[in-house]
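Engineer: Structure file query06.cif (mmCIF, C-alpha atoms) right here:
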```
data_final
loop_
_atom_site.group_PDB
_atom_site.id
_atom_site.type_symbol
_atom_site.label_atom_id
_atom_site.label_comp_id
_atom_site.auth_asym_id
_atom_site.auth_seq_id
_atom_site.Cartn_x
_atom_site.Cartn_y
_atom_site.Cartn_z
ATOM 1 C CA MET A 77 7.188 1.979 5.954
ATOM 2 C CA PHE A 78 10.412 2.375 3.977
ATOM 3 C CA GLY A 79 10.845 -1.410 3.946
ATOM 4 C CA ALA A 80 7.311 -2.007 2.651
ATOM 5 C CA ASN A 81 7.570 0.517 -0.172
ATOM 6 C CA LEU A 82 11.077 -0.686 -1.009
ATOM 7 C CA THR A 83 9.687 -4.210 -1.399
ATOM 8 C CA TRP A 84 6.783 -3.046 -3.584
ATOM 9 C CA GLY A 85 9.140 -1.090 -5.809
ATOM 10 C CA LEU A 86 11.510 -4.041 -6.253
ATOM 11 C CA MET A 87 8.625 -6.435 -6.993
ATOM 12 C CA ALA A 88 7.404 -4.418 -10.003
ATOM 13 C CA PRO A 89 9.686 -6.218 -12.527
ATOM 14 C CA ILE A 90 8.646 -9.613 -11.131
ATOM 15 C CA VAL A 91 4.946 -8.749 -11.461
ATOM 16 C CA LYS A 92 5.536 -7.774 -15.099
ATOM 17 C CA LEU A 93 7.286 -11.106 -15.691
ATOM 18 C CA VAL A 94 4.433 -13.088 -14.135
ATOM 19 C CA LEU A 95 1.780 -11.285 -16.200
ATOM 20 C CA ALA A 96 3.790 -11.068 -19.445
ATOM 21 C CA SER A 97 2.568 -14.301 -21.049
ATOM 22 C CA GLY A 98 -1.069 -13.578 -20.266
ATOM 23 C CA VAL A 99 -1.638 -17.018 -18.728
ATOM 24 C CA ILE A 100 -1.908 -15.536 -15.239
ATOM 25 C CA ALA A 101 -4.527 -12.778 -15.396
ATOM 26 C CA PRO A 102 -4.187 -9.696 -13.146
ATOM 27 C CA LEU A 103 -7.237 -10.691 -11.074
ATOM 28 C CA LEU A 104 -5.788 -14.167 -10.619
ATOM 29 C CA LEU A 105 -2.570 -12.658 -9.260
ATOM 30 C CA VAL A 106 -4.679 -10.584 -6.851
ATOM 31 C CA ASP A 107 -6.336 -13.832 -5.692
ATOM 32 C CA PHE A 108 -2.897 -15.391 -5.208
ATOM 33 C CA ARG A 109 -1.833 -12.437 -3.065
ATOM 34 C CA MET A 110 -4.941 -12.391 -0.891
ATOM 35 C CA ALA A 111 -5.377 -16.149 -0.416
ATOM 36 C CA GLY A 112 -1.642 -16.784 -0.108
ATOM 37 C CA ALA A 113 -1.144 -14.062 2.494
ATOM 38 C CA ALA A 114 -4.245 -15.239 4.396
ATOM 39 C CA CYS A 115 -2.796 -18.775 4.606
ATOM 40 C CA LEU A 116 0.610 -17.450 5.727
ATOM 41 C CA PHE A 117 -0.856 -15.227 8.450
ATOM 42 C CA TRP A 118 -3.184 -17.939 9.759
ATOM 43 C CA LEU A 119 -0.276 -20.405 9.755
ATOM 44 C CA THR A 120 1.882 -17.892 11.639
ATOM 45 C CA SER A 121 -0.874 -17.397 14.223
ATOM 46 C CA LEU A 122 -0.635 -21.097 15.170
ATOM 47 C CA PHE A 123 2.805 -20.424 16.677
ATOM 48 C CA LEU A 124 1.728 -17.333 18.645
ATOM 49 C CA PRO A 125 -0.462 -16.839 21.723
ATOM 50 C CA ARG A 126 -4.121 -17.000 20.743
ATOM 51 C CA GLU A 127 -6.112 -13.777 20.948
ATOM 52 C CA HIS A 128 -9.851 -13.748 21.466
ATOM 53 C CA VAL A 129 -11.556 -11.467 18.965
ATOM 54 C CA PRO A 130 -15.279 -10.818 19.608
ATOM 55 C CA TRP A 131 -17.568 -10.934 16.596
ATOM 56 C CA ARG A 132 -18.095 -7.176 16.707
ATOM 57 C CA ASP A 133 -14.374 -6.649 16.191
ATOM 58 C CA VAL A 134 -14.249 -9.411 13.572
ATOM 59 C CA LEU A 135 -16.781 -7.429 11.554
ATOM 60 C CA ARG A 136 -14.659 -4.300 11.961
ATOM 61 C CA LEU A 137 -11.620 -6.242 10.761
ATOM 62 C CA PHE A 138 -13.631 -7.395 7.742
ATOM 63 C CA GLY A 139 -14.320 -3.740 6.993
ATOM 64 C CA ALA A 140 -10.605 -3.011 7.293
ATOM 65 C CA GLY A 141 -9.899 -5.882 4.914
ATOM 66 C CA MET A 142 -12.289 -4.446 2.365
ATOM 67 C CA LEU A 143 -10.718 -0.975 2.450
ATOM 68 C CA GLY A 144 -7.080 -1.852 3.033
ATOM 69 C CA VAL A 145 -6.755 -4.978 0.886
ATOM 70 C CA CYS A 146 -9.706 -5.949 -1.327
ATOM 71 C CA PHE A 147 -10.911 -2.614 -2.734
ATOM 72 C CA ASN A 148 -7.415 -1.149 -2.784
ATOM 73 C CA GLN A 149 -5.762 -3.988 -4.724
ATOM 74 C CA GLY A 150 -8.808 -4.915 -6.784
ATOM 75 C CA CYS A 151 -9.608 -1.391 -7.956
ATOM 76 C CA PHE A 152 -5.966 -0.729 -8.779
ATOM 77 C CA ILE A 153 -5.610 -3.854 -10.948
ATOM 78 C CA VAL A 154 -8.896 -3.184 -12.787
ATOM 79 C CA GLY A 155 -8.005 0.482 -13.244
ATOM 80 C CA VAL A 156 -4.556 -0.293 -14.648
ATOM 81 C CA SER A 157 -6.148 -2.684 -17.147
ATOM 82 C CA LEU A 158 -8.193 0.224 -18.538
ATOM 83 C CA THR A 159 -5.670 3.062 -18.428
ATOM 84 C CA SER A 160 -1.936 3.330 -19.117
ATOM 85 C CA PRO A 161 0.587 2.366 -16.405
ATOM 86 C CA GLY A 162 1.997 5.894 -16.495
ATOM 87 C CA GLU A 163 -1.334 7.552 -15.832
ATOM 88 C CA ALA A 164 -2.113 5.035 -13.091
ATOM 89 C CA SER A 165 1.206 5.852 -11.436
ATOM 90 C CA LEU A 166 0.379 9.542 -11.517
ATOM 91 C CA VAL A 167 -2.997 8.918 -9.869
ATOM 92 C CA THR A 168 -1.333 6.943 -7.063
ATOM 93 C CA THR A 169 0.681 10.026 -6.092
ATOM 94 C CA THR A 170 -2.548 11.633 -4.847
ATOM 95 C CA MET A 171 -2.846 9.147 -1.965
ATOM 96 C CA PRO A 172 -0.745 11.109 0.585
ATOM 97 C CA MET A 173 -2.855 14.197 -0.100
ATOM 98 C CA TRP A 174 -6.078 12.236 0.493
ATOM 99 C CA VAL A 175 -4.639 10.841 3.729
ATOM 100 C CA MET A 176 -3.724 14.340 4.887
ATOM 101 C CA PHE A 177 -7.227 15.629 4.076
ATOM 102 C CA LEU A 178 -9.056 12.695 5.713
ATOM 103 C CA ALA A 179 -6.810 12.816 8.796
ATOM 104 C CA TRP A 180 -7.711 16.497 9.125
ATOM 105 C CA VAL A 181 -11.466 15.871 8.695
ATOM 106 C CA ILE A 182 -11.808 12.644 10.719
ATOM 107 C CA LEU A 183 -8.994 12.750 13.284
ATOM 108 C CA GLY A 184 -8.533 16.501 13.538
ATOM 109 C CA GLU A 185 -4.843 16.193 12.619
ATOM 110 C CA PRO A 186 -3.681 19.724 11.736
ATOM 111 C CA ILE A 187 -2.290 20.572 8.307
ATOM 112 C CA SER A 188 0.880 22.542 8.952
ATOM 113 C CA LEU A 189 2.795 24.475 6.322
ATOM 114 C CA LYS A 190 5.743 22.110 6.795
ATOM 115 C CA LYS A 191 3.531 19.060 6.210
ATOM 116 C CA ALA A 192 1.794 20.551 3.169
ATOM 117 C CA GLY A 193 5.139 21.658 1.767
ATOM 118 C CA GLY A 194 6.626 18.198 2.271
ATOM 119 C CA ILE A 195 3.746 16.538 0.415
ATOM 120 C CA ALA A 196 4.069 19.082 -2.405
ATOM 121 C CA LEU A 197 7.817 18.399 -2.716
ATOM 122 C CA GLY A 198 7.245 14.641 -2.728
ATOM 123 C CA ALA A 199 4.512 14.933 -5.351
ATOM 124 C CA ALA A 200 6.739 17.114 -7.539
ATOM 125 C CA GLY A 201 9.578 14.577 -7.336
ATOM 126 C CA ALA A 202 7.287 11.641 -8.111
ATOM 127 C CA LEU A 203 5.776 13.468 -11.087
ATOM 128 C CA ILE A 204 9.227 14.208 -12.511
ATOM 129 C CA LEU A 205 10.141 10.513 -12.307
ATOM 130 C CA MET A 206 6.918 9.252 -13.883
ATOM 131 C CA LEU A 207 5.953 11.838 -16.489
ATOM 132 C CA GLY A 208 8.493 10.391 -18.898
ATOM 133 C CA SER A 209 6.825 6.972 -18.741
ATOM 134 C CA ILE A 210 3.539 8.399 -20.032
ATOM 135 C CA ALA A 211 4.998 9.764 -23.263
ATOM 136 C CA GLY A 212 4.187 7.508 -26.166
ATOM 137 C CA SER A 213 1.979 5.197 -24.113
ATOM 138 C CA SER A 214 -1.243 4.225 -25.889
ATOM 139 C CA ASP A 215 -2.015 1.007 -24.023
ATOM 140 C CA ALA A 216 -5.342 2.241 -22.660
ATOM 141 C CA SER A 217 -8.835 1.137 -23.662
ATOM 142 C CA ASN A 218 -10.720 3.577 -21.406
ATOM 143 C CA PRO A 219 -8.223 5.917 -19.679
ATOM 144 C CA ALA A 220 -10.803 8.195 -18.043
ATOM 145 C CA LEU A 221 -12.670 5.327 -16.374
ATOM 146 C CA GLY A 222 -9.410 3.613 -15.497
ATOM 147 C CA ASP A 223 -8.049 6.743 -13.811
ATOM 148 C CA VAL A 224 -11.239 7.091 -11.759
ATOM 149 C CA ILE A 225 -11.052 3.460 -10.615
ATOM 150 C CA VAL A 226 -7.374 3.838 -9.651
ATOM 151 C CA LEU A 227 -8.342 6.966 -7.730
ATOM 152 C CA CYS A 228 -10.967 4.901 -5.866
ATOM 153 C CA ALA A 229 -8.161 2.515 -4.866
ATOM 154 C CA GLN A 230 -6.192 5.416 -3.367
ATOM 155 C CA LEU A 231 -9.252 6.747 -1.527
ATOM 156 C CA SER A 232 -9.982 3.274 -0.169
ATOM 157 C CA TYR A 233 -6.501 2.897 1.292
ATOM 158 C CA ALA A 234 -6.504 6.467 2.620
ATOM 159 C CA LEU A 235 -9.785 5.729 4.431
ATOM 160 C CA TYR A 236 -8.296 2.540 5.877
ATOM 161 C CA LEU A 237 -5.217 4.365 7.195
ATOM 162 C CA THR A 238 -7.385 7.041 8.756
ATOM 163 C CA LEU A 239 -10.367 5.111 10.145
ATOM 164 C CA TYR A 240 -8.455 2.151 11.582
ATOM 165 C CA ARG A 241 -5.368 3.899 12.905
ATOM 166 C CA ASN A 242 -6.367 3.499 16.569
ATOM 167 C CA PHE A 243 -8.330 0.256 16.233
ATOM 168 C CA ILE A 244 -5.370 -1.769 14.929
ATOM 169 C CA LYS A 245 -3.492 -1.083 18.180
ATOM 170 C CA LYS A 246 -6.046 -3.244 19.997
ATOM 171 C CA TYR A 247 -4.720 -6.561 18.662
ATOM 172 C CA SER A 248 -1.426 -8.042 17.524
ATOM 173 C CA LEU A 249 -0.196 -7.585 13.988
ATOM 174 C CA VAL A 250 -0.799 -11.204 12.946
ATOM 175 C CA THR A 251 -4.334 -11.292 14.380
ATOM 176 C CA ILE A 252 -5.317 -8.204 12.421
ATOM 177 C CA MET A 253 -3.715 -9.364 9.184
ATOM 178 C CA LYS A 254 -5.181 -12.887 9.239
ATOM 179 C CA TRP A 255 -8.739 -11.557 9.549
ATOM 180 C CA MET A 256 -8.224 -8.754 7.009
ATOM 181 C CA PHE A 257 -6.811 -11.058 4.340
ATOM 182 C CA LEU A 258 -9.430 -13.731 5.064
ATOM 183 C CA ALA A 259 -12.149 -11.140 4.471
ATOM 184 C CA ALA A 260 -10.505 -9.991 1.237
ATOM 185 C CA THR A 261 -10.174 -13.593 0.028
ATOM 186 C CA ILE A 262 -13.819 -14.439 0.778
ATOM 187 C CA VAL A 263 -14.966 -11.493 -1.346
ATOM 188 C CA SER A 264 -12.410 -11.650 -4.182
ATOM 189 C CA ILE A 265 -12.531 -15.342 -5.127
ATOM 190 C CA PRO A 266 -16.274 -15.462 -6.011
ATOM 191 C CA VAL A 267 -15.911 -12.255 -8.053
ATOM 192 C CA SER A 268 -12.971 -13.626 -10.037
ATOM 193 C CA SER A 269 -14.272 -17.204 -10.299
ATOM 194 C CA PRO A 270 -14.757 -16.948 -14.122
ATOM 195 C CA VAL A 271 -11.060 -16.078 -14.464
ATOM 196 C CA ILE A 272 -10.077 -18.964 -12.187
ATOM 197 C CA ILE A 273 -12.161 -21.446 -14.215
ATOM 198 C CA SER A 274 -10.890 -20.228 -17.601
ATOM 199 C CA THR A 275 -7.191 -20.251 -16.635
ATOM 200 C CA ASP A 276 -5.014 -22.865 -18.350
ATOM 201 C CA TRP A 277 -3.212 -24.013 -15.207
ATOM 202 C CA SER A 278 -0.965 -26.447 -17.080
ATOM 203 C CA ALA A 279 0.447 -23.573 -19.146
ATOM 204 C CA ILE A 280 1.841 -21.729 -16.102
ATOM 205 C CA THR A 281 5.623 -22.099 -16.142
ATOM 206 C CA VAL A 282 7.878 -22.805 -13.158
ATOM 207 C CA ALA A 283 9.323 -19.271 -13.439
ATOM 208 C CA GLU A 284 5.808 -17.785 -13.262
ATOM 209 C CA TRP A 285 4.945 -19.886 -10.203
ATOM 210 C CA ILE A 286 8.171 -18.772 -8.491
ATOM 211 C CA GLY A 287 7.449 -15.164 -9.415
ATOM 212 C CA ALA A 288 3.901 -15.341 -8.084
ATOM 213 C CA ALA A 289 5.124 -16.987 -4.880
ATOM 214 C CA SER A 290 7.709 -14.232 -4.341
ATOM 215 C CA VAL A 291 4.993 -11.598 -4.815
ATOM 216 C CA VAL A 292 2.884 -13.333 -2.160
ATOM 217 C CA LEU A 293 5.769 -13.810 0.294
ATOM 218 C CA PHE A 294 7.694 -10.549 -0.081
ATOM 219 C CA ALA A 295 5.356 -7.967 -1.645
ATOM 220 C CA THR A 296 2.343 -9.069 0.420
ATOM 221 C CA TYR A 297 3.151 -11.049 3.576
ATOM 222 C CA ILE A 298 6.368 -9.269 4.585
ATOM 223 C CA ALA A 299 5.335 -5.897 3.143
ATOM 224 C CA TYR A 300 2.066 -5.838 5.101
ATOM 225 C CA ILE A 301 3.920 -6.747 8.290
ATOM 226 C CA CYS A 302 6.084 -3.665 7.689
ATOM 227 C CA ILE A 303 2.986 -1.600 6.900
ATOM 228 C CA MET A 304 1.272 -2.605 10.147
ATOM 229 C CA ILE A 305 4.349 -1.796 12.236
ATOM 230 C CA GLY A 306 4.574 1.586 10.537
ATOM 231 C CA GLN A 307 0.849 2.281 10.869
ATOM 232 C CA LYS A 308 0.935 1.530 14.599
ATOM 233 C CA ASN A 309 3.837 3.902 15.229
ATOM 234 C CA LEU A 310 3.342 6.739 12.729
ATOM 235 C CA ARG A 311 0.635 9.284 11.948
ATOM 236 C CA PRO A 312 -1.564 8.505 8.901
ATOM 237 C CA THR A 313 -0.094 11.401 6.897
ATOM 238 C CA VAL A 314 3.444 10.116 7.446
ATOM 239 C CA VAL A 315 2.381 6.582 6.449
ATOM 240 C CA GLY A 316 0.834 7.862 3.223
ATOM 241 C CA MET A 317 3.871 9.989 2.426
ATOM 242 C CA TYR A 318 6.110 6.940 2.064
ATOM 243 C CA ASN A 319 4.094 6.033 -1.049
ATOM 244 C CA TYR A 320 6.397 8.403 -2.942
ATOM 245 C CA ILE A 321 9.384 6.106 -2.346
ATOM 246 C CA GLN A 322 8.082 3.493 -4.809
ATOM 247 C CA PRO A 323 8.889 5.431 -8.017
ATOM 248 C CA VAL A 324 12.389 6.105 -6.669
ATOM 249 C CA VAL A 325 12.956 2.380 -6.077
ATOM 250 C CA ALA A 326 11.470 1.481 -9.461
ATOM 251 C CA THR A 327 13.744 3.984 -11.207
ATOM 252 C CA CYS A 328 16.857 2.762 -9.354
ATOM 253 C CA ALA A 329 15.984 -0.845 -10.184
ATOM 254 C CA GLY A 330 15.555 0.106 -13.837
ATOM 255 C CA ILE A 331 18.985 1.787 -13.883
ATOM 256 C CA TRP A 332 20.582 -1.260 -12.235
ATOM 257 C CA LEU A 333 18.943 -3.635 -14.746
ATOM 258 C CA GLY A 334 20.078 -1.441 -17.631
ATOM 259 C CA ILE A 335 16.562 -0.571 -18.807
ATOM 260 C CA ASP A 336 16.769 2.991 -17.521
ATOM 261 C CA SER A 337 19.471 5.642 -17.221
ATOM 262 C CA PHE A 338 20.443 8.187 -14.593
ATOM 263 C CA THR A 339 19.966 11.873 -15.391
ATOM 264 C CA LEU A 340 20.451 15.054 -13.406
ATOM 265 C CA LEU A 341 16.677 15.614 -13.441
ATOM 266 C CA LYS A 342 16.092 12.208 -11.866
ATOM 267 C CA GLY A 343 18.660 13.015 -9.192
ATOM 268 C CA VAL A 344 16.770 16.220 -8.383
ATOM 269 C CA ALA A 345 13.503 14.237 -8.238
ATOM 270 C CA VAL A 346 14.961 11.789 -5.700
ATOM 271 C CA ILE A 347 16.195 14.671 -3.536
ATOM 272 C CA LEU A 348 12.733 16.300 -3.662
ATOM 273 C CA ILE A 349 11.001 13.075 -2.638
ATOM 274 C CA PHE A 350 13.216 12.307 0.338
ATOM 275 C CA THR A 351 13.173 15.932 1.455
ATOM 276 C CA GLY A 352 9.371 15.827 1.349
ATOM 277 C CA VAL A 353 9.265 12.596 3.370
ATOM 278 C CA TRP A 354 11.568 14.145 5.975
ATOM 279 C CA LEU A 355 9.447 17.315 6.263
ATOM 280 C CA VAL A 356 6.219 15.360 6.791
ATOM 281 C CA THR A 357 7.914 13.021 9.284
ATOM 282 C CA VAL A 358 9.212 15.855 11.498
ATOM 283 C CA SER A 359 6.054 17.967 11.209
ATOM 284 C CA PRO A 360 4.402 18.022 14.668
ATOM 285 C CA ALA A 361 0.940 16.551 15.182
ATOM 286 C CA ARG A 362 -1.699 17.878 17.553
ATOM 287 C CA GLY A 363 -0.461 17.677 21.113
ATOM 288 C CA GLU A 364 3.149 18.105 20.070
ATOM 289 C CA VAL A 365 5.599 20.979 20.184
ATOM 290 C CA CYS A 366 8.944 21.345 18.513
ATOM 291 C CA ASP A 367 12.188 21.376 20.451
ATOM 292 C CA GLU A 368 15.053 23.756 19.829
ATOM 293 C CA HIS A 369 16.131 21.669 16.841
ATOM 294 C CA GLY A 370 12.686 21.779 15.181
ATOM 295 C CA ASN A 371 11.867 18.154 15.976
ATOM 296 C CA PRO A 372 8.425 17.253 17.365
ATOM 297 C CA ALA A 373 8.322 16.543 21.103
ATOM 298 C CA ARG A 374 5.226 15.380 23.012
ATOM 299 C CA LEU A 375 3.643 17.741 25.497
ATOM 300 C CA ALA A 376 3.516 16.382 29.005
ATOM 301 C CA ARG A 377 0.045 15.196 30.016
#
```
Have the structure of the file written as structure tokens, please.
Structural biologist:
Amino acid sequence: MFGANLTWGLMAPIVKLVLASGVIAPLLLVDFRMAGAACLFWLTSLFLPREHVPWRDVLRLFGAGMLGVCFNQGCFIVGVSLTSPGEASLVTTTMPMWVMFLAWVILGEPISLKKAGGIALGAAGALILMLGSIAGSSDASNPALGDVIVLCAQLSYALYLTLYRNFIKKYSLVTIMKWMFLAATIVSIPVSSPVIISTDWSAITVAEWIGAASVVLFATYIAYICIMIGQKNLRPTVVGMYNYIQPVVATCAGIWLGIDSFTLLKGVAVILIFTGVWLVTVSPARGEVCDEHGNPARLAR
């Protein structure tokens, strides 16, 4: 999970570079990610043992693709186009809280004080890092609608993490990903076909093609492999909590590139975020007890 969110944080400057000229529209980049990742996962599956997936499970994987890929990425891109990047970033910090709530309602995962406190600390750290980016931002045509659509993206992914936590253990990582991204591609390309037709393909530079390819390879293909490994081995609340790492990575990258600066307040924010992640990670789930060191240990069955 750390690897996936690290990759997404580092890819942010590349995404801005790809979209800067306006030749590649946001929806077109979403198509690149979905179709490109689908091709990579299906190509990878050719070198692995073949798994039979009955049509009933294929339909379930299509549902997972809608929630975990299509609606999540599509709603986020559309929402960001209507609201400011700062406000969109703030809305994304609600995702761990939605995961915690849905895991409690659907899976019966208890909400402990340690877990709630960890999410609160992580949210506080993320807000400290991102509140400064909102000041002076007026690049929003319909911020209220945009914020709601970005919130829908977070709810969609929270539902995916919660509803499909056990189902994804039934098949291998590549089998699940190839069907999920195929489903997302089948839905997204017809919706964005006007953008595809109107794009001036000859105007796309080599640097933009390389940037888009790196987003597909690293921020989609490799990142989703990391996500699936994490989702299979961690509770949904813990998976959602790692979302707070992205603003830390983005801030560190900005400092390294010289477009941001380190302050004591940012240092405190980073400490809050990683402390929150640690608290949620060590918080026991149902069926667990803590050992003498406070770490969760499974009860014997």
Engineer: Between atom CA of Met173 of chain A and atom CA of Leu231 of chain A, what is the distance in Å, rounded to a tenth?
Structural biologist: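 Separation of atom CA of Met173 of chain A and atom CA of Leu231 of chain A: 9.9 Å.
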Engineer: Name the closest residue to Tyr236 of chain A among the candidates A:Ala113, A:Leu178, A:Leu258, A:Cys151; distances are taken between atoms, counting all atoms listed in the file.
Structural biologist: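 Going through A:Ala113, A:Leu178, A:Leu258, A:Cys151 one by one, the smallest distance to Tyr236 of chain A is for A:Leu178.
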Engineer: List the residues matched by the PyMOL selection byres ((chain A and resi 261) around 12) in the displayed structure as a ChimeraX atom specification, ordered by chain and then by residue number.
Structural biologist: /A:103-104,106-115,138,141-142,145-147,149-150,253-260,262-269
Engineer: For atom CA of Arg136 of chain A and atom CA of Pro312 of chain A, determine how far apart the two atoms are, in Å to one decimal place.
Structural biologist: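 The value is 18.6 Å.
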Engineer: By how many Å are atom CA of Val344 of chain A and atom CA of Phe152 of chain A apart?
Structural biologist: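 Taking atom CA of Val344 of chain A as the start and atom CA of Phe152 of chain A as the end point, the length is 28.4 Å.
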Engineer: With distances taken over all atoms listed in the file, which of A:Leu221, A:Val325, A:Leu348, A:Ala200 is nearest to Phe78 of chain A?
Structural biologist: A:Val325
Engineer: Would you mind telling me which residue in A:Leu183, A:Leu341, A:Ile349, A:Leu235 lies nearest to Gln322 of chain A when using all atoms listed in the file?
Structural biologist: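 Checking each candidate against Gln322 of chain A, we get A:Ile349 as the closest.
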Engineer: Run the PyMOL selection byres ((chain A and resi 280-282) around 12) on the file and write out the hits as a VMD selection string.
Structural biologist: chain A and resid 93 to 101 275 to 279 283 to 289
Engineer: Run the PyMOL selection byres ((chain A and resi 187) around 12) against the file shown and list the residues it catches, as a list in words.
Structural biologist: Met173, Val175, Met176, Phe177, Leu178, Ala179, Trp180, Val181, Leu183, Gly184, Glu185, Pro186, Ser188, Leu189, Lys190, Lys191, Ala192, Gly193, Gly194, Ile195, Thr313, Val314, Val356, Ser359, Pro360, Ala361 and Arg362 of chain A
Engineer: Using only C-alpha atoms, please write the residues we just selected to a file, as a tab-separated table (two decimals), keeping the file's coordinate frame.
Structural biologist:
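The resulting file, out16.tsv, is shown below:
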```
chain	number	residue	atom	x	y	z
A	173	MET	CA	-2.86	14.20	-0.10
A	175	VAL	CA	-4.64	10.84	3.73
A	176	MET	CA	-3.72	14.34	4.89
A	177	PHE	CA	-7.23	15.63	4.08
A	178	LEU	CA	-9.06	12.70	5.71
A	179	ALA	CA	-6.81	12.82	8.80
A	180	TRP	CA	-7.71	16.50	9.12
A	181	VAL	CA	-11.47	15.87	8.70
A	183	LEU	CA	-8.99	12.75	13.28
A	184	GLY	CA	-8.53	16.50	13.54
A	185	GLU	CA	-4.84	16.19	12.62
A	186	PRO	CA	-3.68	19.72	11.74
A	188	SER	CA	0.88	22.54	8.95
A	189	LEU	CA	2.80	24.48	6.32
A	190	LYS	CA	5.74	22.11	6.80
A	191	LYS	CA	3.53	19.06	6.21
A	192	ALA	CA	1.79	20.55	3.17
A	193	GLY	CA	5.14	21.66	1.77
A	194	GLY	CA	6.63	18.20	2.27
A	195	ILE	CA	3.75	16.54	0.42
A	313	THR	CA	-0.09	11.40	6.90
A	314	VAL	CA	3.44	10.12	7.45
A	356	VAL	CA	6.22	15.36	6.79
A	359	SER	CA	6.05	17.97	11.21
A	360	PRO	CA	4.40	18.02	14.67
A	361	ALA	CA	0.94	16.55	15.18
A	362	ARG	CA	-1.70	17.88	17.55
```
Engineer: With all atoms listed in the file as the basis for distance, which of A:Leu340, A:Val358, A:Ile301, A:Met317 is at the shortest distance from Gly79 of chain A?
Structural biologist: A:Ile301
Engineer: Take every atom of segment 249-254 of chain A listed in the file, fit an axis-aligned box around them, add 6 Å per side, and give the centre and edge lengths in Å to one decimal as JSON.
Structural biologist:
```
{"center_x": -2.8, "center_y": -10.2, "center_z": 11.8, "size_x": 17.1, "size_y": 17.3, "size_z": 17.2}
```
Engineer: When distances are computed from only C-alpha atoms, which of A:Ser121, A:Ile273, A:Gly201, A:Val353 shows the smallest separation from Gly316 of chain A?
Structural biologist: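 With only C-alpha atoms as the atom set, the closest residue is A:Val353.
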Engineer: Could you check which of A:Ile204, A:Ala299, A:Asn218, A:Tyr247 is closest to Thr339 of chain A, using only C-alpha atoms?
Structural biologist: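 Checking each of A:Ile204, A:Ala299, A:Asn218, A:Tyr247 against Thr339 of chain A, counting only C-alpha atoms, the winner is A:Ile204.
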Engineer: List the spatial neighbours of segment 80-87 of chain A as an MDAnalysis selection string - criterion: any atom at most 12 Å away, only C-alpha atoms, same-chain residues fewer than 5 positions off excluded.
Structural biologist: chainID A and resid 92:94 165 287:307 315:330 332:333
